[in-house]
Structure formats: structure tokens, C-alpha cells
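What follows is a single structure, written as C-alpha cells, with notes after it.
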Amino acid sequence: QQQFDIAMRVLAKGLVPILEPEVDIRASDKEACERLLLDLLLEGLGQLAPEDWVVFKLTLPTQPDLYLPLMQHPCTLRVLALSGGYAREEACKLLAQNTGMIASFSRAFTEGLRDEQSEKDFSKTVDASCELIFQASRG
């Protein structure tokens, strides 16, 4: 509810809020947490006016396409996937299984980048990361 309370304040200013409730990828009951979160987010969307839009940034779900009901809701502008601590390859694999979600990967994006890298190696790593994440987002 806290996320939606703040979202209402942001909406009142004419802006689009980003709600980011994160589920710990190491939680023993991660799948149950995700289902509960989905129910609560749908309930929160029901409080919004038809002209109100929100963006969600959510941990990649255990069950593929779990968040499709959020994406189909008229008040949802976009659902972004957080890598949430998954390695880039695993995060991209999970993302590709979730229709309509796009990446918002910080940790996974920077994977493999090092201070001591040459500019060429740095650019090569960034390019590879961009391509992998882009391809996964297309699914």
C-alpha cells in the first residue's frame, strides 16, 4: 500500500510514478511472495483513476509470464524487469520467458566490467551486454 500511497502523490503532480517492490531472489518462498505481490499490485491498480498510469520495476518472476495481468491493466504503462542479483546470463534467460517485460538491469548490465580494462575491452563488454539484454527484451 505504501508504494501506491506515494504513487498517488506523484500522480497528483502530473508525473508517472515508478513502483519498485523487490522480491529477494534467495527467498525460500519466492514464488509465493510473487503471487501475493501480484494480487496486491492488481488491488492497488484498482484504486487508480482510468487516466492514471504507473510503471512497475519487478524482480524477474519464477513463473514465466506471471505479471501479464499487470501488463494488460489499462493503468500500467510498462513493466520492467529487475535483474535482482541474478547473473546477466540467467537474468536474460528469465527475461526472455516473460512476454512484454523489458530489462532494467543495473547489476547484470555491469557484469564483467573492470577498472583495469582497456577502452577496447570495456567497449566490447558493454556492447555484448547491450546485445544480450536487448535480445532478451524482445521475447
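Order determines the names: the first chain of the C-alpha cells is A, the second B, and so forth; residues in each chain are numbered 1 upward, and ligands are numbered 1 upward as they are shown.
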
>> Can you pull out every residue from chain A that DSSP, working from the backbone, puts in alpha helix (DSSP H), and format the result as a ChimeraX atom specification?
In response: /A:2-12,30-45,68-72,88-96,107-110,119-138

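Once Glu89 (chain A) and its same-chain neighbours fewer than 6 positions away are set aside, A:Leu95, A:Ala108, A:Glu111, A:Ser129, A:Leu132, A:Ile133, A:Ala136 remain within 10 Å of it when counting only C-alpha atoms.
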
Contacts of region 72-78 of chain A within 10 Å, only C-alpha atoms, excl. fewer than 4 positions in-chain, as a PDB file with all heavy atoms, in the first residue's frame:
ATOM      1  N   VAL A  16       4.414  10.349 -13.851  1.00  0.00           N
ATOM      2  CA  VAL A  16       4.165   8.902 -13.856  1.00  0.00           C
ATOM      3  C   VAL A  16       5.074   8.260 -12.806  1.00  0.00           C
ATOM      4  O   VAL A  16       6.296   8.319 -12.925  1.00  0.00           O
ATOM      5  CB  VAL A  16       4.446   8.284 -15.244  1.00  0.00           C
ATOM      6  CG1 VAL A  16       4.293   6.772 -15.198  1.00  0.00           C
ATOM      7  CG2 VAL A  16       3.524   8.875 -16.298  1.00  0.00           C
ATOM      8  N   PRO A  17       4.488   7.650 -11.783  1.00  0.00           N
ATOM      9  CA  PRO A  17       5.310   7.019 -10.742  1.00  0.00           C
ATOM     10  C   PRO A  17       5.867   5.668 -11.186  1.00  0.00           C
ATOM     11  O   PRO A  17       5.268   4.973 -12.010  1.00  0.00           O
ATOM     12  CB  PRO A  17       4.332   6.833  -9.582  1.00  0.00           C
ATOM     13  CG  PRO A  17       2.996   6.742 -10.237  1.00  0.00           C
ATOM     14  CD  PRO A  17       3.064   7.591 -11.472  1.00  0.00           C
ATOM     15  N   ILE A  18       7.007   5.340 -10.609  1.00  0.00           N
ATOM     16  CA  ILE A  18       7.617   4.029 -10.813  1.00  0.00           C
ATOM     17  C   ILE A  18       7.558   3.297  -9.479  1.00  0.00           C
ATOM     18  O   ILE A  18       8.145   3.748  -8.493  1.00  0.00           O
ATOM     19  CB  ILE A  18       9.080   4.147 -11.288  1.00  0.00           C
ATOM     20  CG1 ILE A  18       9.142   4.906 -12.613  1.00  0.00           C
ATOM     21  CG2 ILE A  18       9.713   2.764 -11.404  1.00  0.00           C
ATOM     22  CD1 ILE A  18      10.544   5.258 -13.072  1.00  0.00           C
ATOM     23  N   LEU A  42      -2.376  -5.673  -8.281  1.00  0.00           N
ATOM     24  CA  LEU A  42      -3.648  -5.572  -9.011  1.00  0.00           C
ATOM     25  C   LEU A  42      -4.697  -4.850  -8.174  1.00  0.00           C
ATOM     26  O   LEU A  42      -5.469  -4.032  -8.685  1.00  0.00           O
ATOM     27  CB  LEU A  42      -4.139  -6.963  -9.429  1.00  0.00           C
ATOM     28  CG  LEU A  42      -3.337  -7.622 -10.557  1.00  0.00           C
ATOM     29  CD1 LEU A  42      -3.725  -9.086 -10.712  1.00  0.00           C
ATOM     30  CD2 LEU A  42      -3.519  -6.863 -11.864  1.00  0.00           C
ATOM     31  N   LEU A  45      -3.850  -1.203  -8.346  1.00  0.00           N
ATOM     32  CA  LEU A  45      -4.240  -0.625  -9.639  1.00  0.00           C
ATOM     33  C   LEU A  45      -5.729  -0.300  -9.663  1.00  0.00           C
ATOM     34  O   LEU A  45      -6.149   0.651 -10.314  1.00  0.00           O
ATOM     35  CB  LEU A  45      -3.890  -1.580 -10.778  1.00  0.00           C
ATOM     36  CG  LEU A  45      -2.414  -1.647 -11.179  1.00  0.00           C
ATOM     37  CD1 LEU A  45      -2.172  -2.798 -12.148  1.00  0.00           C
ATOM     38  CD2 LEU A  45      -1.941  -0.327 -11.762  1.00  0.00           C
ATOM     39  N   GLY A  46      -6.500  -1.088  -8.941  1.00  0.00           N
ATOM     40  CA  GLY A  46      -7.938  -0.852  -8.870  1.00  0.00           C
ATOM     41  C   GLY A  46      -8.304   0.454  -8.183  1.00  0.00           C
ATOM     42  O   GLY A  46      -9.423   0.938  -8.328  1.00  0.00           O
ATOM     43  N   LEU A  48      -6.752   3.286  -8.810  1.00  0.00           N
ATOM     44  CA  LEU A  48      -6.372   4.384  -9.688  1.00  0.00           C
ATOM     45  C   LEU A  48      -7.511   4.795 -10.614  1.00  0.00           C
ATOM     46  O   LEU A  48      -8.359   3.978 -10.975  1.00  0.00           O
ATOM     47  CB  LEU A  48      -5.157   3.990 -10.532  1.00  0.00           C
ATOM     48  CG  LEU A  48      -3.890   3.590  -9.772  1.00  0.00           C
ATOM     49  CD1 LEU A  48      -2.791   3.194 -10.748  1.00  0.00           C
ATOM     50  CD2 LEU A  48      -3.419   4.707  -8.855  1.00  0.00           C
ATOM     51  N   ALA A  49      -7.473   6.048 -11.001  1.00  0.00           N
ATOM     52  CA  ALA A  49      -8.429   6.551 -11.990  1.00  0.00           C
ATOM     53  C   ALA A  49      -8.005   6.038 -13.369  1.00  0.00           C
ATOM     54  O   ALA A  49      -6.814   5.751 -13.585  1.00  0.00           O
ATOM     55  CB  ALA A  49      -8.431   8.077 -11.966  1.00  0.00           C
ATOM     56  N   PRO A  50      -8.916   5.906 -14.300  1.00  0.00           N
ATOM     57  CA  PRO A  50      -8.585   5.370 -15.631  1.00  0.00           C
ATOM     58  C   PRO A  50      -7.478   6.140 -16.354  1.00  0.00           C
ATOM     59  O   PRO A  50      -6.749   5.561 -17.149  1.00  0.00           O
ATOM     60  CB  PRO A  50      -9.903   5.467 -16.400  1.00  0.00           C
ATOM     61  CG  PRO A  50     -10.967   5.522 -15.364  1.00  0.00           C
ATOM     62  CD  PRO A  50     -10.343   6.191 -14.165  1.00  0.00           C
ATOM     63  N   GLU A  51      -7.340   7.435 -16.056  1.00  0.00           N
ATOM     64  CA  GLU A  51      -6.312   8.236 -16.733  1.00  0.00           C
ATOM     65  C   GLU A  51      -4.952   8.190 -16.040  1.00  0.00           C
ATOM     66  O   GLU A  51      -3.990   8.791 -16.509  1.00  0.00           O
ATOM     67  CB  GLU A  51      -6.775   9.704 -16.869  1.00  0.00           C
ATOM     68  CG  GLU A  51      -6.934  10.433 -15.557  1.00  0.00           C
ATOM     69  CD  GLU A  51      -8.299  10.236 -14.891  1.00  0.00           C
ATOM     70  OE1 GLU A  51      -9.140   9.448 -15.377  1.00  0.00           O
ATOM     71  OE2 GLU A  51      -8.518  10.880 -13.858  1.00  0.00           O
ATOM     72  N   ASP A  52      -4.856   7.485 -14.923  1.00  0.00           N
ATOM     73  CA  ASP A  52      -3.593   7.364 -14.182  1.00  0.00           C
ATOM     74  C   ASP A  52      -2.780   6.186 -14.705  1.00  0.00           C
ATOM     75  O   ASP A  52      -3.306   5.086 -14.869  1.00  0.00           O
ATOM     76  CB  ASP A  52      -3.858   7.159 -12.690  1.00  0.00           C
ATOM     77  CG  ASP A  52      -4.452   8.382 -12.028  1.00  0.00           C
ATOM     78  OD1 ASP A  52      -4.280   9.503 -12.555  1.00  0.00           O
ATOM     79  OD2 ASP A  52      -5.099   8.222 -10.980  1.00  0.00           O
ATOM     80  N   TRP A  53      -1.507   6.433 -14.942  1.00  0.00           N
ATOM     81  CA  TRP A  53      -0.595   5.374 -15.386  1.00  0.00           C
ATOM     82  C   TRP A  53       0.534   5.211 -14.391  1.00  0.00           C
ATOM     83  O   TRP A  53       0.989   6.180 -13.778  1.00  0.00           O
ATOM     84  CB  TRP A  53       0.015   5.726 -16.724  1.00  0.00           C
ATOM     85  CG  TRP A  53      -0.903   5.604 -17.896  1.00  0.00           C
ATOM     86  CD1 TRP A  53      -2.175   5.112 -17.908  1.00  0.00           C
ATOM     87  CD2 TRP A  53      -0.620   5.992 -19.224  1.00  0.00           C
ATOM     88  NE1 TRP A  53      -2.697   5.167 -19.173  1.00  0.00           N
ATOM     89  CE2 TRP A  53      -1.755   5.705 -20.013  1.00  0.00           C
ATOM     90  CE3 TRP A  53       0.476   6.552 -19.854  1.00  0.00           C
ATOM     91  CZ2 TRP A  53      -1.810   5.957 -21.372  1.00  0.00           C
ATOM     92  CZ3 TRP A  53       0.426   6.806 -21.213  1.00  0.00           C
ATOM     93  CH2 TRP A  53      -0.716   6.506 -21.955  1.00  0.00           C
ATOM     94  N   VAL A  54       0.987   3.982 -14.249  1.00  0.00           N
ATOM     95  CA  VAL A  54       2.154   3.687 -13.418  1.00  0.00           C
ATOM     96  C   VAL A  54       3.094   2.753 -14.184  1.00  0.00           C
ATOM     97  O   VAL A  54       2.686   2.075 -15.124  1.00  0.00           O
ATOM     98  CB  VAL A  54       1.764   3.039 -12.066  1.00  0.00           C
ATOM     99  CG1 VAL A  54       0.920   3.977 -11.231  1.00  0.00           C
ATOM    100  CG2 VAL A  54       1.063   1.719 -12.263  1.00  0.00           C
ATOM    101  N   VAL A  55       4.340   2.753 -13.752  1.00  0.00           N
ATOM    102  CA  VAL A  55       5.364   1.840 -14.268  1.00  0.00           C
ATOM    103  C   VAL A  55       5.779   0.956 -13.101  1.00  0.00           C
ATOM    104  O   VAL A  55       5.919   1.434 -11.973  1.00  0.00           O
ATOM    105  CB  VAL A  55       6.584   2.629 -14.804  1.00  0.00           C
ATOM    106  CG1 VAL A  55       7.734   1.693 -15.146  1.00  0.00           C
ATOM    107  CG2 VAL A  55       6.199   3.468 -16.013  1.00  0.00           C
ATOM    108  N   PHE A  56       5.957  -0.324 -13.375  1.00  0.00           N
ATOM    109  CA  PHE A  56       6.445  -1.264 -12.358  1.00  0.00           C
ATOM    110  C   PHE A  56       7.848  -1.719 -12.714  1.00  0.00           C
ATOM    111  O   PHE A  56       8.131  -2.010 -13.878  1.00  0.00           O
ATOM    112  CB  PHE A  56       5.541  -2.500 -12.275  1.00  0.00           C
ATOM    113  CG  PHE A  56       4.167  -2.223 -11.753  1.00  0.00           C
ATOM    114  CD1 PHE A  56       3.084  -2.159 -12.603  1.00  0.00           C
ATOM    115  CD2 PHE A  56       3.955  -2.026 -10.398  1.00  0.00           C
ATOM    116  CE1 PHE A  56       1.810  -1.904 -12.138  1.00  0.00           C
ATOM    117  CE2 PHE A  56       2.677  -1.765  -9.909  1.00  0.00           C
ATOM    118  CZ  PHE A  56       1.603  -1.702 -10.784  1.00  0.00           C
ATOM    119  N   LYS A  57       8.706  -1.807 -11.701  1.00  0.00           N
ATOM    120  CA  LYS A  57      10.015  -2.433 -11.831  1.00  0.00           C
ATOM    121  C   LYS A  57       9.998  -3.602 -10.851  1.00  0.00           C
ATOM    122  O   LYS A  57       9.984  -3.398  -9.641  1.00  0.00           O
ATOM    123  CB  LYS A  57      11.132  -1.449 -11.492  1.00  0.00           C
ATOM    124  CG  LYS A  57      11.323  -0.376 -12.550  1.00  0.00           C
ATOM    125  CD  LYS A  57      12.384   0.627 -12.158  1.00  0.00           C
ATOM    126  CE  LYS A  57      13.769   0.044 -12.256  1.00  0.00           C
ATOM    127  NZ  LYS A  57      14.817   1.076 -12.016  1.00  0.00           N
ATOM    128  N   TYR A  67       3.424 -11.799 -14.564  1.00  0.00           N
ATOM    129  CA  TYR A  67       2.975 -10.418 -14.486  1.00  0.00           C
ATOM    130  C   TYR A  67       2.185  -9.948 -15.710  1.00  0.00           C
ATOM    131  O   TYR A  67       1.914  -8.755 -15.848  1.00  0.00           O
ATOM    132  CB  TYR A  67       4.165  -9.495 -14.212  1.00  0.00           C
ATOM    133  CG  TYR A  67       4.806  -9.782 -12.868  1.00  0.00           C
ATOM    134  CD1 TYR A  67       6.165 -10.047 -12.767  1.00  0.00           C
ATOM    135  CD2 TYR A  67       4.049  -9.810 -11.704  1.00  0.00           C
ATOM    136  CE1 TYR A  67       6.748 -10.319 -11.537  1.00  0.00           C
ATOM    137  CE2 TYR A  67       4.620 -10.081 -10.476  1.00  0.00           C
ATOM    138  CZ  TYR A  67       5.973 -10.332 -10.398  1.00  0.00           C
ATOM    139  OH  TYR A  67       6.543 -10.607  -9.183  1.00  0.00           O
ATOM    140  N   LEU A  68       1.766 -10.865 -16.562  1.00  0.00           N
ATOM    141  CA  LEU A  68       0.931 -10.481 -17.704  1.00  0.00           C
ATOM    142  C   LEU A  68      -0.338  -9.727 -17.286  1.00  0.00           C
ATOM    143  O   LEU A  68      -0.706  -8.747 -17.941  1.00  0.00           O
ATOM    144  CB  LEU A  68       0.564 -11.700 -18.551  1.00  0.00           C
ATOM    145  CG  LEU A  68       1.593 -12.152 -19.583  1.00  0.00           C
ATOM    146  CD1 LEU A  68       1.126 -13.411 -20.294  1.00  0.00           C
ATOM    147  CD2 LEU A  68       1.901 -11.057 -20.580  1.00  0.00           C
ATOM    148  N   GLY A 100       6.583  -9.328 -22.917  1.00  0.00           N
ATOM    149  CA  GLY A 100       6.233  -7.935 -22.654  1.00  0.00           C
ATOM    150  C   GLY A 100       7.109  -7.220 -21.647  1.00  0.00           C
ATOM    151  O   GLY A 100       7.085  -5.989 -21.585  1.00  0.00           O
ATOM    152  N   MET A 101       7.870  -7.948 -20.838  1.00  0.00           N
ATOM    153  CA  MET A 101       8.765  -7.284 -19.885  1.00  0.00           C
ATOM    154  C   MET A 101      10.025  -6.843 -20.627  1.00  0.00           C
ATOM    155  O   MET A 101      10.478  -7.503 -21.555  1.00  0.00           O
ATOM    156  CB  MET A 101       9.168  -8.224 -18.744  1.00  0.00           C
ATOM    157  CG  MET A 101       8.057  -8.522 -17.769  1.00  0.00           C
ATOM    158  SD  MET A 101       8.608  -9.540 -16.362  1.00  0.00           S
ATOM    159  CE  MET A 101       9.167  -8.265 -15.238  1.00  0.00           C
ATOM    160  N   ILE A 102      10.570  -5.707 -20.195  1.00  0.00           N
ATOM    161  CA  ILE A 102      11.840  -5.251 -20.736  1.00  0.00           C
ATOM    162  C   ILE A 102      12.819  -5.075 -19.578  1.00  0.00           C
ATOM    163  O   ILE A 102      12.415  -4.922 -18.430  1.00  0.00           O
ATOM    164  CB  ILE A 102      11.706  -3.947 -21.538  1.00  0.00           C
ATOM    165  CG1 ILE A 102      11.151  -2.813 -20.679  1.00  0.00           C
ATOM    166  CG2 ILE A 102      10.845  -4.170 -22.780  1.00  0.00           C
ATOM    167  CD1 ILE A 102      11.198  -1.459 -21.347  1.00  0.00           C
TER     168      ILE A 102
END

> Among region 22-109 of chain A, which ones does DSSP place in strand (DSSP E), written as a VMD selection string?
Replying inline: chain A and resid 54 to 59 76 to 82 102 to 103

> Which residues, written as number ranges by chain, have at least one atom at most 8 Å from region 22-27 of chain A, with only C-alpha atoms counted and residues fewer than 3 positions away on the same chain left out?
Replying inline: A: 30, 33-34, 57-59, 84-86

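Distance check against Phe109 (chain A) using only C-alpha atoms: of A:Asp65, A:Asp127, A:Glu20, A:Glu31, the minimum falls on A:Asp127.
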
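Distance check against Met8 (chain A) using only C-alpha atoms: of A:Ala32, A:Pro21, A:Glu90, A:Gln47, the minimum falls on A:Gln47.
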
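As for CA of Pro64 (chain A) and CA of Glu43 (chain A), they are spaced 20.9 Å apart.
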
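For the atom pair formed by CA of Gln1 (chain A) and CA of Thr99 (chain A), the distance is 26.3 Å, given to one decimal.
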
>> Counting only C-alpha atoms, which residue out of A:Ser28, A:Thr110, A:Ser83, A:Ser104 sits closest to Ser123 (chain A)?
In response: A:Thr110

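The space between CA of Asp5 (chain A) and CA of Leu19 (chain A) spans 10.4 Å.
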
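Using only C-alpha atoms for every distance, the candidate list A:Gln3, A:Arg88, A:Lys93, A:Leu82 yields A:Arg88 as the residue closest to Val126 (chain A).
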